[in-house]
Amino acid sequence: MADALHSAAIRLLRGLRKEDAVAGVTGAQLSVLSVLVFAGRQSVSALARAEQVSLPTMSRLLTEMERRGLVARTSESPDRRTAWVDVTEAGRALLLEGREKRLAKLVGWLEGLTAPERDLLHRSAKLMLRLGERDET
């Protein structure tokens with residue numbers, strides 16, 4: 001069951017990610033934008049922990065995102081040790097537009113299922129969310 005669930009999740013996400021490629025954004029960039037849009041302003045180190053990457057990797061990612069106008073970094077401490085990252089309006093719009101496109105594609109796929117299949121999938125999705133919450137505590 002674990003193998004089937006793993007494979008299904010990867011295949012679904014791979015199919016939905018095609019919508020993101022059209023916008024010219026990477027999965028890593030979308031993930032950072034998602035954290036910032038839904039959790040708010042973050043330090044660079046908090047983003048690196050959330051994304052499970054090193055600080056240098058996060059810094060490189062943020063530099064590219066700043067160049068594209070998706071995020072803004074600021075430092076409020078006199079020694080500039082702590083950098084804060086905020087999503088820009090352009091970054092927020094990109095994330096939300098991409099999310100709408102992915103959801104629309106998924107809705108189209110769901111329309112091909114019977115009502116009992118959609119109900120089963122809905123209940124299964126709730127269980128999957130519960131499983132995912134176990135690792136967040």
# chains A, B, ... in the order shown; residues from 1 in each chain; ligands from 1
>>> closest_atom_pairs(of="range 33-57 of chain A", to="range 91-111 of chain A", cutoff="7 Å", atoms="only C-alpha atoms", output="tab-separated table")
residue	atom	partner	partner_atom	distance
A:Leu33	CA	A:Leu95	CA	6.5
A:Ser34	CA	A:Leu95	CA	6.9
A:Val37	CA	A:Arg92	CA	6.3
>>> write_last_selection(atoms="N, CA and C atoms", output="compact mmCIF listing (two decimals), in the first residue's frame")
# COMPACT_ATOMS: atom_id res chain seq x y z
N LEU A 33 7.48 30.21 -2.17
CA LEU A 33 6.36 31.16 -2.26
C LEU A 33 5.18 30.70 -1.42
N SER A 34 4.91 29.41 -1.44
CA SER A 34 3.80 28.87 -0.67
C SER A 34 3.99 29.11 0.83
N VAL A 37 3.44 32.90 1.38
CA VAL A 37 2.06 33.34 1.20
C VAL A 37 1.18 32.84 2.35
>>> select_by_dssp(residues="range 79-127 of chain A", states="strand (DSSP E)", output="number ranges by chain")
A: 83-87
>>> write_last_selection(atoms="N, CA and C atoms", output="PDB file, in the first residue's frame")
ATOM      1  N   ALA A  83      18.271  38.096   8.078  1.00  0.00           N
ATOM      2  CA  ALA A  83      17.589  38.593   6.886  1.00  0.00           C
ATOM      3  C   ALA A  83      16.168  38.033   6.881  1.00  0.00           C
ATOM      4  N   TRP A  84      15.227  38.892   6.591  1.00  0.00           N
ATOM      5  CA  TRP A  84      13.817  38.496   6.517  1.00  0.00           C
ATOM      6  C   TRP A  84      13.378  38.473   5.069  1.00  0.00           C
ATOM      7  N   VAL A  85      12.469  37.578   4.760  1.00  0.00           N
ATOM      8  CA  VAL A  85      11.994  37.427   3.392  1.00  0.00           C
ATOM      9  C   VAL A  85      10.484  37.602   3.371  1.00  0.00           C
ATOM     10  N   ASP A  86      10.027  38.456   2.470  1.00  0.00           N
ATOM     11  CA  ASP A  86       8.598  38.679   2.247  1.00  0.00           C
ATOM     12  C   ASP A  86       8.278  38.356   0.801  1.00  0.00           C
ATOM     13  N   VAL A  87       7.082  37.876   0.570  1.00  0.00           N
ATOM     14  CA  VAL A  87       6.624  37.658  -0.795  1.00  0.00           C
ATOM     15  C   VAL A  87       6.172  39.013  -1.352  1.00  0.00           C
TER      16      VAL A  87
END
>>> residues_around(residues="Val53 in chain A", least_positions_apart="5", cutoff="12 Å", atoms="only C-alpha atoms", output="mmCIF file with N, CA and C atoms, in the first residue's frame")
data_model
loop_
_atom_site.group_PDB
_atom_site.id
_atom_site.type_symbol
_atom_site.label_atom_id
_atom_site.label_comp_id
_atom_site.auth_asym_id
_atom_site.auth_seq_id
_atom_site.Cartn_x
_atom_site.Cartn_y
_atom_site.Cartn_z
ATOM 1 N N ALA A 28 10.892 24.288 -6.442
ATOM 2 C CA ALA A 28 11.504 24.857 -5.241
ATOM 3 C C ALA A 28 11.040 26.295 -5.028
ATOM 4 N N SER A 31 7.489 26.273 -3.792
ATOM 5 C CA SER A 31 7.417 25.841 -2.410
ATOM 6 C C SER A 31 7.753 26.983 -1.462
ATOM 7 N N VAL A 32 8.790 27.755 -1.789
ATOM 8 C CA VAL A 32 9.150 28.915 -0.971
ATOM 9 C C VAL A 32 8.020 29.938 -0.990
ATOM 10 N N VAL A 44 15.584 33.800 6.590
ATOM 11 C CA VAL A 44 16.213 32.911 5.606
ATOM 12 C C VAL A 44 16.461 31.544 6.233
ATOM 13 N N SER A 45 16.912 31.522 7.476
ATOM 14 C CA SER A 45 17.191 30.239 8.134
ATOM 15 C C SER A 45 15.904 29.445 8.359
ATOM 16 N N ALA A 46 14.809 30.111 8.685
ATOM 17 C CA ALA A 46 13.533 29.402 8.861
ATOM 18 C C ALA A 46 13.064 28.809 7.535
ATOM 19 N N LEU A 47 13.246 29.552 6.453
ATOM 20 C CA LEU A 47 12.885 29.020 5.130
ATOM 21 C C LEU A 47 13.744 27.812 4.780
ATOM 22 N N ALA A 48 15.028 27.897 5.058
ATOM 23 C CA ALA A 48 15.923 26.769 4.766
ATOM 24 C C ALA A 48 15.477 25.531 5.543
ATOM 25 N N MET A 58 19.432 27.929 0.006
ATOM 26 C CA MET A 58 18.299 28.844 0.129
ATOM 27 C C MET A 58 18.690 30.239 -0.343
ATOM 28 N N SER A 59 19.886 30.664 -0.007
ATOM 29 C CA SER A 59 20.341 31.992 -0.425
ATOM 30 C C SER A 59 20.383 32.108 -1.946
ATOM 31 N N ARG A 60 20.901 31.089 -2.617
ATOM 32 C CA ARG A 60 20.943 31.095 -4.088
ATOM 33 C C ARG A 60 19.530 31.136 -4.671
ATOM 34 N N LEU A 61 18.642 30.358 -4.090
ATOM 35 C CA LEU A 61 17.256 30.326 -4.554
ATOM 36 C C LEU A 61 16.600 31.695 -4.386
#
>>> atom_distance(atom1="CA of Ser43 in chain A", atom2="CA of Thr82 in chain A")
6.8 Å
>>> closest_residue(among="A:Leu113, A:Arg130, A:Arg123, A:Val71", to="Gly40 in chain A", atoms="only C-alpha atoms")
A:Val71
>>> select_by_dssp(residues="chain A", states="helix (DSSP H, G or I)", output="ChimeraX atom specification")
/A:2-23,27-39,44-51,55-67,89-111,115-134
>>> decode(residues="range 12-127 of chain A", atoms="C-alpha atoms", output="short mmCIF file (atom, residue, chain, number, x, y, z; two decimals), in the first residue's frame")
data_model
loop_
_atom_site.label_atom_id
_atom_site.label_comp_id
_atom_site.auth_asym_id
_atom_site.auth_seq_id
_atom_site.Cartn_x
_atom_site.Cartn_y
_atom_site.Cartn_z
CA LEU A 12 -0.25 13.20 -9.65
CA LEU A 13 2.22 15.91 -8.71
CA ARG A 14 4.29 15.33 -11.84
CA GLY A 15 1.20 15.79 -13.98
CA LEU A 16 0.17 18.95 -12.14
CA ARG A 17 3.70 20.43 -12.21
CA LYS A 18 3.42 20.75 -15.99
CA GLU A 19 1.24 23.80 -15.32
CA ASP A 20 4.09 25.38 -13.34
CA ALA A 21 6.64 24.84 -16.10
CA VAL A 22 4.50 27.00 -18.39
CA ALA A 23 4.90 29.90 -15.92
CA GLY A 24 8.68 29.38 -15.86
CA VAL A 25 8.84 28.69 -12.14
CA THR A 26 10.54 25.79 -10.42
CA GLY A 27 9.04 23.53 -7.80
CA ALA A 28 11.50 24.86 -5.24
CA GLN A 29 10.50 28.45 -5.98
CA LEU A 30 6.81 27.58 -5.70
CA SER A 31 7.42 25.84 -2.41
CA VAL A 32 9.15 28.91 -0.97
CA LEU A 33 6.36 31.16 -2.26
CA SER A 34 3.80 28.87 -0.67
CA VAL A 35 5.49 29.12 2.73
CA LEU A 36 5.62 32.91 2.47
CA VAL A 37 2.06 33.34 1.20
CA PHE A 38 0.43 31.00 3.72
CA ALA A 39 2.74 31.40 6.75
CA GLY A 40 3.93 34.98 6.24
CA ARG A 41 7.31 36.64 6.55
CA GLN A 42 10.18 34.27 7.36
CA SER A 43 13.86 34.47 8.15
CA VAL A 44 16.21 32.91 5.61
CA SER A 45 17.19 30.24 8.13
CA ALA A 46 13.53 29.40 8.86
CA LEU A 47 12.88 29.02 5.13
CA ALA A 48 15.92 26.77 4.77
CA ARG A 49 14.63 24.57 7.62
CA ALA A 50 11.10 24.50 6.18
CA GLU A 51 12.41 23.53 2.75
CA GLN A 52 15.01 21.14 4.18
CA VAL A 53 17.92 22.74 2.34
CA SER A 54 21.19 24.35 3.43
CA LEU A 55 21.48 28.10 4.00
CA PRO A 56 23.69 28.56 0.89
CA THR A 57 21.14 26.70 -1.23
CA MET A 58 18.30 28.84 0.13
CA SER A 59 20.34 31.99 -0.42
CA ARG A 60 20.94 31.09 -4.09
CA LEU A 61 17.26 30.33 -4.55
CA LEU A 62 16.22 33.62 -2.96
CA THR A 63 18.71 35.58 -5.06
CA GLU A 64 17.07 34.27 -8.24
CA MET A 65 13.60 34.92 -6.83
CA GLU A 66 14.59 38.48 -5.89
CA ARG A 67 15.94 39.02 -9.40
CA ARG A 68 12.53 37.97 -10.76
CA GLY A 69 10.71 40.24 -8.32
CA LEU A 70 8.98 37.38 -6.47
CA VAL A 71 10.43 38.04 -2.99
CA ALA A 72 12.10 40.87 -1.10
CA ARG A 73 14.80 40.47 1.56
CA THR A 74 15.32 42.97 4.36
CA SER A 75 17.47 43.18 7.46
CA GLU A 76 16.31 45.00 10.57
CA SER A 77 19.21 44.25 12.90
CA PRO A 78 22.19 46.60 13.04
CA ASP A 79 24.64 43.77 12.33
CA ARG A 80 22.50 42.51 9.39
CA ARG A 81 22.80 38.92 10.62
CA THR A 82 19.11 38.19 10.32
CA ALA A 83 17.59 38.59 6.89
CA TRP A 84 13.82 38.50 6.52
CA VAL A 85 11.99 37.43 3.39
CA ASP A 86 8.60 38.68 2.25
CA VAL A 87 6.62 37.66 -0.79
CA THR A 88 5.96 40.46 -3.28
CA GLU A 89 2.62 41.04 -4.96
CA ALA A 90 4.09 39.53 -8.13
CA GLY A 91 5.16 36.43 -6.17
CA ARG A 92 1.76 36.11 -4.50
CA ALA A 93 -0.03 36.46 -7.84
CA LEU A 94 2.24 33.87 -9.49
CA LEU A 95 1.62 31.36 -6.70
CA LEU A 96 -2.14 31.86 -6.62
CA GLU A 97 -2.53 31.81 -10.41
CA GLY A 98 -0.48 28.62 -10.60
CA ARG A 99 -2.55 27.06 -7.83
CA GLU A 100 -5.76 27.88 -9.70
CA LYS A 101 -4.40 26.28 -12.89
CA ARG A 102 -3.33 23.13 -11.03
CA LEU A 103 -6.70 22.89 -9.28
CA ALA A 104 -8.56 23.36 -12.57
CA LYS A 105 -6.54 20.56 -14.14
CA LEU A 106 -7.24 18.33 -11.15
CA VAL A 107 -10.97 19.14 -11.29
CA GLY A 108 -10.94 18.04 -14.92
CA TRP A 109 -9.36 14.73 -13.95
CA LEU A 110 -11.89 14.24 -11.14
CA GLU A 111 -14.81 14.78 -13.52
CA GLY A 112 -13.80 11.54 -15.23
CA LEU A 113 -14.54 9.57 -12.05
CA THR A 114 -17.86 8.23 -10.85
CA ALA A 115 -19.53 9.80 -7.81
CA PRO A 116 -18.57 6.86 -5.55
CA GLU A 117 -14.95 7.06 -6.78
CA ARG A 118 -14.83 10.81 -6.06
CA ASP A 119 -16.26 10.19 -2.58
CA LEU A 120 -13.67 7.49 -1.89
CA LEU A 121 -10.88 9.75 -3.12
CA HIS A 122 -12.14 12.63 -0.97
CA ARG A 123 -12.09 10.45 2.15
CA SER A 124 -8.66 9.13 1.20
CA ALA A 125 -7.33 12.67 0.75
CA LYS A 126 -8.44 13.50 4.30
CA LEU A 127 -6.56 10.46 5.57
#
